[in-house]
Amino acid sequence: MFSSTLQRAAGALFITTSLATAPALAADAWKPTKPVRLLVGFAPGGSADTLARLLAEPLSQRLGQTVVVENLAGAGGNIMAYRLSQSQPDGYTIGIAAAGSMAITHVLNPKGTNYKPADFTPITLAAVQPNVVIVNKDVPANNLAELKDYFQKTPTATYGTAGVGISNHLIAETMLYKMGVKVPHAAYRGAAPVITDLLGGHIAMTMDNISTAAPLASQGKVKAIAVASLKRSAQLPNVPTLDEQGLKGFDMPTWQGVFAPAGVPANVLAAYYAALQDVLKQPAVIEKMAGLGSEPVTGMTPEKFGQFLENDRKQWADIVRVAKISLEQ
């Protein structure tokens with residue numbers, strides 16, 4: 001049952017992104033007349049921040065106004081999400097967010113958050129990346145079996161992610177559940193401090209996006225144990241997948257999407273959707289994203305993205321229920 005739950009949760013991502021592009025949104029053209037704020041819920045250096053800065057310049061050119069990236073790190077992206085939910089729906093504040101703040105938070109604590117899904121207007125899904133299990137270079141493990149043995153023999157070992165309830169936290173917990181081990185979780189304010197503590201030996205493991213993990217592993221600063229997708233990554237071709245190492249069907253990528261506050265006018269929504277589609281199709285952007293192990297997603301209209309989010313929340317709810325994951329972890 002648990003295996004099929006994981007397959008549905010991951011499979012829906014790629015099924016949804018393959019849907020045909022809907023007709024263009026019809027609305028009067030909107031052009032910003034002052035700089036736009038692009039909020040990111042994590043510290044500089046992480047995958048969400050990297051994507052934001054990669055998209056900001058071509059988006060500025062497409063909109064004809066400066067797009068300023070603003071980092072509001074903390075609480076697994078929830079601080080940024082709350083700030084975005086409280087922003088004026090005039091088009092001058094948008095945000096890049098992922099499953100943690102836009103799907104998982106409401107599954108883990110539906111009555112305890114200070115914002116809700118209806119507080120946002122989904123614009124488009126922008127990118128997906130495989131995740132990688134990486135460990136401190138001194139951890140005596142080079143594969144999943146050895147990592148399990150290490151955790152079983154080292155009860156003081158911990159792992160960290162960029163916040164409670166973000167997708168990488170739940171993906172790591174799902175992996176550990178299927179491995180049959182329990183490891184204490186340390187929550188950080190972003191991906192960069194997680195890596196700092198991983199390199200320093202303060203935590204043993206993290207589950208991170210390929211854009212962060214691959215350079216560190218290639219430079220020998222960490223050891224890459226497994227890729228959490230069904231296919232190996234071109235960035236780390238010699239690193240086997242979790243599926244290859246016994247966790248059959250394990251395929252859980254990370255996604256990032258662009259959001260506006262609820263109530264944004266139709267012409268503003270249409271302008272951003274059109275601009276982002278143009279940006280995500282630019283060869284230079286595609287090339288840079290590929291270099292980071294990230295795959296752009298195009299054709300995900302606001303309506304389809306909204307449905308995708310509903311499906312994603314249901315699938316994370318299944319994972320949380322079966323793996324007995326809670327906010328206390």
# chains A, B, ... in the order shown; residues from 1 in each chain; ligands from 1
>>> closest_atom_pairs(of="segment 144-231 of chain A", to="segment 120-137 of chain A", cutoff="12 Å", atoms="only C-alpha atoms", output="JSON lines")
{"residue": "A:Leu144", "atom": "CA", "partner": "A:Val133", "partner_atom": "CA", "distance": 9.2}
{"residue": "A:Glu146", "atom": "CA", "partner": "A:Val135", "partner_atom": "CA", "distance": 11.7}
{"residue": "A:Leu147", "atom": "CA", "partner": "A:Val135", "partner_atom": "CA", "distance": 8.9}
{"residue": "A:Tyr150", "atom": "CA", "partner": "A:Val135", "partner_atom": "CA", "distance": 11.2}
{"residue": "A:Phe151", "atom": "CA", "partner": "A:Val135", "partner_atom": "CA", "distance": 11.7}
{"residue": "A:Ala157", "atom": "CA", "partner": "A:Asn136", "partner_atom": "CA", "distance": 11.1}
{"residue": "A:Thr158", "atom": "CA", "partner": "A:Val135", "partner_atom": "CA", "distance": 10.6}
{"residue": "A:Tyr159", "atom": "CA", "partner": "A:Val135", "partner_atom": "CA", "distance": 8.8}
{"residue": "A:Gly160", "atom": "CA", "partner": "A:Val135", "partner_atom": "CA", "distance": 10.4}
{"residue": "A:Thr161", "atom": "CA", "partner": "A:Val133", "partner_atom": "CA", "distance": 11.2}
{"residue": "A:Ser167", "atom": "CA", "partner": "A:Asn131", "partner_atom": "CA", "distance": 10.1}
{"residue": "A:Asn168", "atom": "CA", "partner": "A:Asn131", "partner_atom": "CA", "distance": 7.8}
{"residue": "A:His169", "atom": "CA", "partner": "A:Asn131", "partner_atom": "CA", "distance": 11.2}
{"residue": "A:Leu170", "atom": "CA", "partner": "A:Asn131", "partner_atom": "CA", "distance": 11.9}
{"residue": "A:Ile171", "atom": "CA", "partner": "A:Asn131", "partner_atom": "CA", "distance": 8.8}
{"residue": "A:Ala172", "atom": "CA", "partner": "A:Val133", "partner_atom": "CA", "distance": 8.2}
{"residue": "A:Glu173", "atom": "CA", "partner": "A:Val133", "partner_atom": "CA", "distance": 11.7}
{"residue": "A:Met175", "atom": "CA", "partner": "A:Val133", "partner_atom": "CA", "distance": 9.7}
{"residue": "A:Leu176", "atom": "CA", "partner": "A:Val133", "partner_atom": "CA", "distance": 11.0}
{"residue": "A:Val194", "atom": "CA", "partner": "A:Asn136", "partner_atom": "CA", "distance": 11.3}
{"residue": "A:Ile195", "atom": "CA", "partner": "A:Asn136", "partner_atom": "CA", "distance": 9.4}
{"residue": "A:Thr196", "atom": "CA", "partner": "A:Asn136", "partner_atom": "CA", "distance": 10.5}
{"residue": "A:Asp197", "atom": "CA", "partner": "A:Asn136", "partner_atom": "CA", "distance": 9.2}
{"residue": "A:Leu198", "atom": "CA", "partner": "A:Asn136", "partner_atom": "CA", "distance": 5.7}
{"residue": "A:Leu199", "atom": "CA", "partner": "A:Asn136", "partner_atom": "CA", "distance": 6.0}
{"residue": "A:Gly200", "atom": "CA", "partner": "A:Asn136", "partner_atom": "CA", "distance": 7.9}
{"residue": "A:Gly201", "atom": "CA", "partner": "A:Asn136", "partner_atom": "CA", "distance": 6.1}
{"residue": "A:His202", "atom": "CA", "partner": "A:Asn136", "partner_atom": "CA", "distance": 8.9}
{"residue": "A:Ile203", "atom": "CA", "partner": "A:Asn136", "partner_atom": "CA", "distance": 7.6}
{"residue": "A:Ala204", "atom": "CA", "partner": "A:Asn136", "partner_atom": "CA", "distance": 5.4}
{"residue": "A:Met205", "atom": "CA", "partner": "A:Val135", "partner_atom": "CA", "distance": 4.3}
{"residue": "A:Thr206", "atom": "CA", "partner": "A:Ile134", "partner_atom": "CA", "distance": 5.7}
{"residue": "A:Met207", "atom": "CA", "partner": "A:Val133", "partner_atom": "CA", "distance": 4.7}
{"residue": "A:Asp208", "atom": "CA", "partner": "A:Asn131", "partner_atom": "CA", "distance": 5.4}
{"residue": "A:Asn209", "atom": "CA", "partner": "A:Asn131", "partner_atom": "CA", "distance": 4.4}
{"residue": "A:Ile210", "atom": "CA", "partner": "A:Asn131", "partner_atom": "CA", "distance": 5.5}
{"residue": "A:Ser211", "atom": "CA", "partner": "A:Gln129", "partner_atom": "CA", "distance": 7.8}
{"residue": "A:Thr212", "atom": "CA", "partner": "A:Val132", "partner_atom": "CA", "distance": 9.1}
{"residue": "A:Ala213", "atom": "CA", "partner": "A:Val132", "partner_atom": "CA", "distance": 6.5}
{"residue": "A:Ala214", "atom": "CA", "partner": "A:Val132", "partner_atom": "CA", "distance": 8.2}
{"residue": "A:Pro215", "atom": "CA", "partner": "A:Ile134", "partner_atom": "CA", "distance": 11.4}
{"residue": "A:Leu216", "atom": "CA", "partner": "A:Ile134", "partner_atom": "CA", "distance": 9.1}
{"residue": "A:Ala217", "atom": "CA", "partner": "A:Ile134", "partner_atom": "CA", "distance": 7.8}
{"residue": "A:Ser218", "atom": "CA", "partner": "A:Ile134", "partner_atom": "CA", "distance": 11.5}
{"residue": "A:Gln219", "atom": "CA", "partner": "A:Lys137", "partner_atom": "CA", "distance": 11.0}
{"residue": "A:Gly220", "atom": "CA", "partner": "A:Lys137", "partner_atom": "CA", "distance": 7.6}
{"residue": "A:Lys221", "atom": "CA", "partner": "A:Lys137", "partner_atom": "CA", "distance": 6.4}
{"residue": "A:Val222", "atom": "CA", "partner": "A:Lys137", "partner_atom": "CA", "distance": 4.7}
{"residue": "A:Lys223", "atom": "CA", "partner": "A:Val135", "partner_atom": "CA", "distance": 5.3}
{"residue": "A:Ala224", "atom": "CA", "partner": "A:Ile134", "partner_atom": "CA", "distance": 4.4}
{"residue": "A:Ile225", "atom": "CA", "partner": "A:Val133", "partner_atom": "CA", "distance": 5.4}
{"residue": "A:Ala226", "atom": "CA", "partner": "A:Val133", "partner_atom": "CA", "distance": 5.3}
{"residue": "A:Val227", "atom": "CA", "partner": "A:Val132", "partner_atom": "CA", "distance": 4.5}
{"residue": "A:Ala228", "atom": "CA", "partner": "A:Asn131", "partner_atom": "CA", "distance": 5.2}
{"residue": "A:Ser229", "atom": "CA", "partner": "A:Pro130", "partner_atom": "CA", "distance": 6.0}
{"residue": "A:Leu230", "atom": "CA", "partner": "A:Pro130", "partner_atom": "CA", "distance": 9.4}
{"residue": "A:Lys231", "atom": "CA", "partner": "A:Pro130", "partner_atom": "CA", "distance": 9.2}
>>> residues_around(residues="Ala56 of chain A", least_positions_apart="5", cutoff="10 Å", atoms="only C-alpha atoms", output="VMD selection string")
chain A and resid 36 to 38 50 to 51 61 to 62 66 to 69 279
>>> write_last_selection(atoms="N, CA, C and O atoms", output="CSV table (one decimal), in the first residue's frame")
chain,number,residue,atom,x,y,z
A,36,VAL,N,9.3,45.0,-9.5
A,36,VAL,CA,8.5,43.9,-9.0
A,36,VAL,C,9.4,43.2,-8.0
A,36,VAL,O,10.6,43.0,-8.1
A,37,ARG,N,8.7,42.8,-6.8
A,37,ARG,CA,9.4,42.0,-5.8
A,37,ARG,C,9.1,40.5,-6.1
A,37,ARG,O,8.0,40.1,-6.2
A,38,LEU,N,10.2,39.7,-6.1
A,38,LEU,CA,10.1,38.3,-6.3
A,38,LEU,C,10.5,37.6,-5.0
A,38,LEU,O,11.7,37.6,-4.7
A,50,THR,N,18.3,30.0,-6.2
A,50,THR,CA,19.0,29.9,-7.5
A,50,THR,C,18.1,30.1,-8.6
A,50,THR,O,18.4,30.8,-9.6
A,51,LEU,N,16.9,29.4,-8.6
A,51,LEU,CA,15.9,29.5,-9.6
A,51,LEU,C,15.4,30.9,-9.8
A,51,LEU,O,15.3,31.5,-10.9
A,61,GLN,N,13.5,41.7,-18.3
A,61,GLN,CA,13.6,42.1,-19.7
A,61,GLN,C,12.2,41.9,-20.4
A,61,GLN,O,11.8,42.8,-21.2
A,62,ARG,N,11.5,40.9,-20.1
A,62,ARG,CA,10.2,40.6,-20.7
A,62,ARG,C,9.2,41.5,-20.2
A,62,ARG,O,8.3,42.0,-20.9
A,66,THR,N,12.5,46.2,-13.5
A,66,THR,CA,13.4,45.4,-12.7
A,66,THR,C,12.6,44.4,-11.8
A,66,THR,O,11.6,44.8,-11.2
A,67,VAL,N,13.1,43.2,-11.7
A,67,VAL,CA,12.5,42.2,-10.8
A,67,VAL,C,13.6,42.0,-9.7
A,67,VAL,O,14.7,41.5,-10.0
A,68,VAL,N,13.2,42.3,-8.5
A,68,VAL,CA,14.2,42.2,-7.3
A,68,VAL,C,13.9,41.0,-6.5
A,68,VAL,O,12.7,40.8,-6.0
A,69,VAL,N,14.9,40.1,-6.3
A,69,VAL,CA,14.7,38.9,-5.5
A,69,VAL,C,14.9,39.3,-4.0
A,69,VAL,O,15.8,40.0,-3.7
A,279,VAL,N,10.1,33.1,-20.9
A,279,VAL,CA,11.4,33.0,-20.2
A,279,VAL,C,11.8,31.5,-20.1
A,279,VAL,O,12.9,31.1,-20.3
>>> select_by_dssp(residues="segment 11-252 of chain A", states="alpha helix (DSSP H)", output="number ranges by chain")
A: 11-17, 47-63, 78-85, 99, 105-108, 144-153, 167-179, 191-199, 210-218
>>> atom_distance(atom1="atom CA of Pro237 of chain A", atom2="atom CA of Ile166 of chain A")
26.4 Å
>>> select_by_dssp(residues="segment 46-219 of chain A", states="strand (DSSP E)", output="PDB file with N, CA and C atoms, in the first residue's frame")
ATOM      1  N   VAL A  67      13.085  43.178 -11.698  1.00  0.00           N
ATOM      2  CA  VAL A  67      12.540  42.179 -10.782  1.00  0.00           C
ATOM      3  C   VAL A  67      13.574  41.957  -9.688  1.00  0.00           C
ATOM      4  N   VAL A  68      13.230  42.305  -8.461  1.00  0.00           N
ATOM      5  CA  VAL A  68      14.157  42.243  -7.337  1.00  0.00           C
ATOM      6  C   VAL A  68      13.858  41.000  -6.496  1.00  0.00           C
ATOM      7  N   VAL A  69      14.853  40.127  -6.340  1.00  0.00           N
ATOM      8  CA  VAL A  69      14.698  38.935  -5.514  1.00  0.00           C
ATOM      9  C   VAL A  69      14.858  39.319  -4.049  1.00  0.00           C
ATOM     10  N   GLU A  70      13.883  38.906  -3.223  1.00  0.00           N
ATOM     11  CA  GLU A  70      13.911  39.208  -1.791  1.00  0.00           C
ATOM     12  C   GLU A  70      13.769  37.915  -1.010  1.00  0.00           C
ATOM     13  N   ASN A  71      14.779  37.590  -0.209  1.00  0.00           N
ATOM     14  CA  ASN A  71      14.774  36.363   0.585  1.00  0.00           C
ATOM     15  C   ASN A  71      14.094  36.592   1.930  1.00  0.00           C
ATOM     16  N   THR A  93       4.092  42.146  -6.308  1.00  0.00           N
ATOM     17  CA  THR A  93       4.710  41.160  -5.417  1.00  0.00           C
ATOM     18  C   THR A  93       4.272  39.773  -5.850  1.00  0.00           C
ATOM     19  N   ILE A  94       5.253  38.944  -6.222  1.00  0.00           N
ATOM     20  CA  ILE A  94       4.996  37.547  -6.556  1.00  0.00           C
ATOM     21  C   ILE A  94       6.008  36.712  -5.772  1.00  0.00           C
ATOM     22  N   GLY A  95       5.870  35.406  -5.797  1.00  0.00           N
ATOM     23  CA  GLY A  95       6.790  34.570  -5.037  1.00  0.00           C
ATOM     24  C   GLY A  95       7.030  33.233  -5.703  1.00  0.00           C
ATOM     25  N   ILE A  96       8.200  32.677  -5.431  1.00  0.00           N
ATOM     26  CA  ILE A  96       8.515  31.308  -5.838  1.00  0.00           C
ATOM     27  C   ILE A  96       8.382  30.424  -4.606  1.00  0.00           C
ATOM     28  N   ALA A  97       7.572  29.402  -4.713  1.00  0.00           N
ATOM     29  CA  ALA A  97       7.325  28.516  -3.577  1.00  0.00           C
ATOM     30  C   ALA A  97       7.274  27.070  -4.054  1.00  0.00           C
ATOM     31  N   ALA A  98       7.339  26.163  -3.088  1.00  0.00           N
ATOM     32  CA  ALA A  98       7.352  24.735  -3.396  1.00  0.00           C
ATOM     33  C   ALA A  98       6.293  24.022  -2.580  1.00  0.00           C
ATOM     34  N   PHE A 120      -3.817  32.439  -2.236  1.00  0.00           N
ATOM     35  CA  PHE A 120      -2.852  32.576  -3.328  1.00  0.00           C
ATOM     36  C   PHE A 120      -3.511  32.358  -4.693  1.00  0.00           C
ATOM     37  N   THR A 121      -2.907  32.964  -5.689  1.00  0.00           N
ATOM     38  CA  THR A 121      -3.257  32.699  -7.079  1.00  0.00           C
ATOM     39  C   THR A 121      -2.088  31.962  -7.711  1.00  0.00           C
ATOM     40  N   PRO A 122      -2.236  30.693  -8.069  1.00  0.00           N
ATOM     41  CA  PRO A 122      -1.143  29.992  -8.747  1.00  0.00           C
ATOM     42  C   PRO A 122      -0.962  30.547 -10.159  1.00  0.00           C
ATOM     43  N   ILE A 123       0.267  30.830 -10.534  1.00  0.00           N
ATOM     44  CA  ILE A 123       0.546  31.356 -11.872  1.00  0.00           C
ATOM     45  C   ILE A 123       1.005  30.241 -12.800  1.00  0.00           C
ATOM     46  N   THR A 124       2.084  29.548 -12.429  1.00  0.00           N
ATOM     47  CA  THR A 124       2.535  28.415 -13.241  1.00  0.00           C
ATOM     48  C   THR A 124       3.550  27.588 -12.473  1.00  0.00           C
ATOM     49  N   LEU A 125       3.572  26.295 -12.764  1.00  0.00           N
ATOM     50  CA  LEU A 125       4.659  25.436 -12.303  1.00  0.00           C
ATOM     51  C   LEU A 125       5.874  25.768 -13.161  1.00  0.00           C
ATOM     52  N   ALA A 126       7.041  25.944 -12.543  1.00  0.00           N
ATOM     53  CA  ALA A 126       8.205  26.426 -13.285  1.00  0.00           C
ATOM     54  C   ALA A 126       9.295  25.385 -13.475  1.00  0.00           C
ATOM     55  N   ALA A 127       9.527  24.535 -12.468  1.00  0.00           N
ATOM     56  CA  ALA A 127      10.681  23.640 -12.553  1.00  0.00           C
ATOM     57  C   ALA A 127      10.509  22.418 -11.674  1.00  0.00           C
ATOM     58  N   VAL A 128      11.166  21.344 -12.068  1.00  0.00           N
ATOM     59  CA  VAL A 128      11.265  20.135 -11.241  1.00  0.00           C
ATOM     60  C   VAL A 128      12.728  19.705 -11.207  1.00  0.00           C
ATOM     61  N   GLN A 129      13.141  19.131 -10.081  1.00  0.00           N
ATOM     62  CA  GLN A 129      14.508  18.628  -9.935  1.00  0.00           C
ATOM     63  C   GLN A 129      14.504  17.318  -9.173  1.00  0.00           C
ATOM     64  N   ASN A 131      15.998  14.766  -6.376  1.00  0.00           N
ATOM     65  CA  ASN A 131      16.620  14.937  -5.067  1.00  0.00           C
ATOM     66  C   ASN A 131      17.706  13.893  -4.868  1.00  0.00           C
ATOM     67  N   VAL A 132      18.671  14.241  -4.017  1.00  0.00           N
ATOM     68  CA  VAL A 132      19.820  13.364  -3.796  1.00  0.00           C
ATOM     69  C   VAL A 132      20.071  13.220  -2.298  1.00  0.00           C
ATOM     70  N   VAL A 133      20.347  11.996  -1.861  1.00  0.00           N
ATOM     71  CA  VAL A 133      20.749  11.735  -0.489  1.00  0.00           C
ATOM     72  C   VAL A 133      22.253  11.956  -0.404  1.00  0.00           C
ATOM     73  N   ILE A 134      22.676  12.944   0.386  1.00  0.00           N
ATOM     74  CA  ILE A 134      24.105  13.196   0.557  1.00  0.00           C
ATOM     75  C   ILE A 134      24.465  13.119   2.038  1.00  0.00           C
ATOM     76  N   VAL A 135      25.695  12.690   2.317  1.00  0.00           N
ATOM     77  CA  VAL A 135      26.158  12.543   3.689  1.00  0.00           C
ATOM     78  C   VAL A 135      27.509  13.222   3.855  1.00  0.00           C
ATOM     79  N   ASN A 136      27.848  13.534   5.102  1.00  0.00           N
ATOM     80  CA  ASN A 136      29.166  14.051   5.417  1.00  0.00           C
ATOM     81  C   ASN A 136      30.222  13.058   4.915  1.00  0.00           C
ATOM     82  N   TYR A 159      19.909  14.108  10.894  1.00  0.00           N
ATOM     83  CA  TYR A 159      19.913  14.637   9.532  1.00  0.00           C
ATOM     84  C   TYR A 159      19.185  15.969   9.549  1.00  0.00           C
ATOM     85  N   GLY A 160      19.421  16.804   8.537  1.00  0.00           N
ATOM     86  CA  GLY A 160      18.789  18.117   8.509  1.00  0.00           C
ATOM     87  C   GLY A 160      18.202  18.451   7.163  1.00  0.00           C
ATOM     88  N   THR A 161      17.188  19.332   7.178  1.00  0.00           N
ATOM     89  CA  THR A 161      16.630  19.890   5.949  1.00  0.00           C
ATOM     90  C   THR A 161      16.301  21.358   6.217  1.00  0.00           C
ATOM     91  N   HIS A 185      15.503  14.662  13.277  1.00  0.00           N
ATOM     92  CA  HIS A 185      15.536  15.678  12.218  1.00  0.00           C
ATOM     93  C   HIS A 185      15.857  17.038  12.803  1.00  0.00           C
ATOM     94  N   ALA A 186      16.777  17.769  12.160  1.00  0.00           N
ATOM     95  CA  ALA A 186      17.104  19.141  12.540  1.00  0.00           C
ATOM     96  C   ALA A 186      16.608  20.079  11.451  1.00  0.00           C
ATOM     97  N   ALA A 187      15.770  21.051  11.827  1.00  0.00           N
ATOM     98  CA  ALA A 187      15.203  21.987  10.851  1.00  0.00           C
ATOM     99  C   ALA A 187      16.030  23.271  10.814  1.00  0.00           C
ATOM    100  N   MET A 205      23.437  13.703   7.433  1.00  0.00           N
ATOM    101  CA  MET A 205      22.792  13.507   6.132  1.00  0.00           C
ATOM    102  C   MET A 205      21.803  14.613   5.844  1.00  0.00           C
ATOM    103  N   THR A 206      21.569  14.845   4.572  1.00  0.00           N
ATOM    104  CA  THR A 206      20.428  15.651   4.148  1.00  0.00           C
ATOM    105  C   THR A 206      19.898  15.091   2.833  1.00  0.00           C
ATOM    106  N   MET A 207      18.676  15.458   2.525  1.00  0.00           N
ATOM    107  CA  MET A 207      18.075  15.181   1.222  1.00  0.00           C
ATOM    108  C   MET A 207      17.984  16.535   0.530  1.00  0.00           C
ATOM    109  N   ASP A 208      18.723  16.723  -0.569  1.00  0.00           N
ATOM    110  CA  ASP A 208      18.747  18.033  -1.208  1.00  0.00           C
ATOM    111  C   ASP A 208      18.564  17.900  -2.706  1.00  0.00           C
ATOM    112  N   ASN A 209      18.253  19.032  -3.325  1.00  0.00           N
ATOM    113  CA  ASN A 209      18.067  19.054  -4.764  1.00  0.00           C
ATOM    114  C   ASN A 209      19.396  18.838  -5.482  1.00  0.00           C
TER     115      ASN A 209
END
>>> closest_residue(among="A:Met102, A:Ala191, A:Val285, A:Ala323", to="Phe308 of chain A", atoms="only C-alpha atoms")
A:Met102
>>> closest_residue(among="A:Gly249, A:Leu54, A:Ala103, A:Asp90", to="Gly291 of chain A", atoms="only C-alpha atoms")
A:Leu54
>>> residues_around(residues="Ala118 of chain A", least_positions_apart="6", cutoff="10 Å", atoms="only C-alpha atoms", output="compact mmCIF listing (two decimals) with C-alpha atoms, in the first residue's frame")
# COMPACT_ATOMS: atom_id res chain seq x y z
CA SER A 85 -0.62 36.16 1.22
CA PRO A 261 -1.65 36.88 -3.82
CA ALA A 262 -5.32 35.95 -4.17
CA GLY A 263 -7.40 38.46 -6.09
>>> residues_around(residues="Thr105 of chain A", least_positions_apart="4", cutoff="9 Å", atoms="only C-alpha atoms", output="list in words")
Gly76, Asn78, Ala99, Gly100, Ser101, Asn109, Pro110, Thr113, Val164, Gly165 and Ile166 of chain A
>>> closest_residue(among="A:Pro89, A:Gly74, A:Pro253, A:Gly46", to="Asn267 of chain A", atoms="only C-alpha atoms")
A:Pro89
>>> atom_distance(atom1="atom CA of His106 of chain A", atom2="atom CA of Gly257 of chain A")
16.8 Å
>>> closest_residue(among="A:Pro117, A:Pro240, A:Gly180, A:Pro35", to="Leu309 of chain A", atoms="only C-alpha atoms")
A:Pro117
>>> decode(residues="segment 291-313 of chain A", atoms="N, CA and C atoms", output="CSV table (one decimal), in the first residue's frame")
chain,number,residue,atom,x,y,z
A,291,GLY,N,22.2,22.8,-16.5
A,291,GLY,CA,23.4,22.7,-15.8
A,291,GLY,C,23.3,22.6,-14.3
A,292,LEU,N,22.1,22.9,-13.8
A,292,LEU,CA,21.8,22.8,-12.3
A,292,LEU,C,21.0,21.5,-12.0
A,293,GLY,N,20.8,20.8,-13.1
A,293,GLY,CA,20.0,19.5,-12.9
A,293,GLY,C,18.5,19.8,-12.8
A,294,SER,N,18.1,21.0,-13.2
A,294,SER,CA,16.7,21.4,-13.1
A,294,SER,C,16.0,21.3,-14.5
A,295,GLU,N,14.8,20.9,-14.6
A,295,GLU,CA,14.0,20.9,-15.8
A,295,GLU,C,12.9,21.9,-15.8
A,296,PRO,N,12.9,22.8,-16.8
A,296,PRO,CA,11.8,23.8,-16.9
A,296,PRO,C,10.5,23.1,-17.2
A,297,VAL,N,9.4,23.6,-16.7
A,297,VAL,CA,8.1,23.1,-17.0
A,297,VAL,C,7.3,24.2,-17.7
A,298,THR,N,6.8,23.9,-18.9
A,298,THR,CA,6.0,24.9,-19.7
A,298,THR,C,4.6,24.4,-19.9
A,299,GLY,N,3.7,25.3,-20.2
A,299,GLY,CA,2.3,24.9,-20.5
A,299,GLY,C,1.4,24.6,-19.3
A,300,MET,N,1.9,24.9,-18.1
A,300,MET,CA,1.1,24.7,-17.0
A,300,MET,C,0.3,25.9,-16.7
A,301,THR,N,-0.9,26.1,-17.2
A,301,THR,CA,-1.7,27.3,-17.0
A,301,THR,C,-2.1,27.4,-15.5
A,302,PRO,N,-2.5,28.6,-15.2
A,302,PRO,CA,-3.0,28.8,-13.8
A,302,PRO,C,-4.0,27.8,-13.4
A,303,GLU,N,-5.0,27.5,-14.3
A,303,GLU,CA,-6.0,26.6,-13.9
A,303,GLU,C,-5.5,25.2,-13.7
A,304,LYS,N,-4.6,24.7,-14.6
A,304,LYS,CA,-4.0,23.4,-14.4
A,304,LYS,C,-3.1,23.3,-13.2
A,305,PHE,N,-2.4,24.4,-13.0
A,305,PHE,CA,-1.5,24.4,-11.8
A,305,PHE,C,-2.3,24.4,-10.5
A,306,GLY,N,-3.5,25.0,-10.5
A,306,GLY,CA,-4.4,24.9,-9.4
A,306,GLY,C,-4.8,23.5,-9.1
A,307,GLN,N,-5.2,22.8,-10.2
A,307,GLN,CA,-5.6,21.4,-10.0
A,307,GLN,C,-4.4,20.5,-9.6
A,308,PHE,N,-3.3,20.8,-10.1
A,308,PHE,CA,-2.0,20.1,-9.7
A,308,PHE,C,-1.8,20.2,-8.2
A,309,LEU,N,-2.0,21.4,-7.7
A,309,LEU,CA,-1.8,21.7,-6.3
A,309,LEU,C,-2.8,20.9,-5.4
A,310,GLU,N,-4.1,20.8,-5.9
A,310,GLU,CA,-5.1,20.0,-5.2
A,310,GLU,C,-4.7,18.5,-5.1
A,311,ASN,N,-4.2,18.0,-6.3
A,311,ASN,CA,-3.8,16.6,-6.3
A,311,ASN,C,-2.6,16.4,-5.4
A,312,ASP,N,-1.7,17.4,-5.4
A,312,ASP,CA,-0.4,17.2,-4.6
A,312,ASP,C,-0.8,17.2,-3.1
A,313,ARG,N,-1.7,18.0,-2.7
A,313,ARG,CA,-2.1,18.0,-1.3
A,313,ARG,C,-2.7,16.7,-0.9
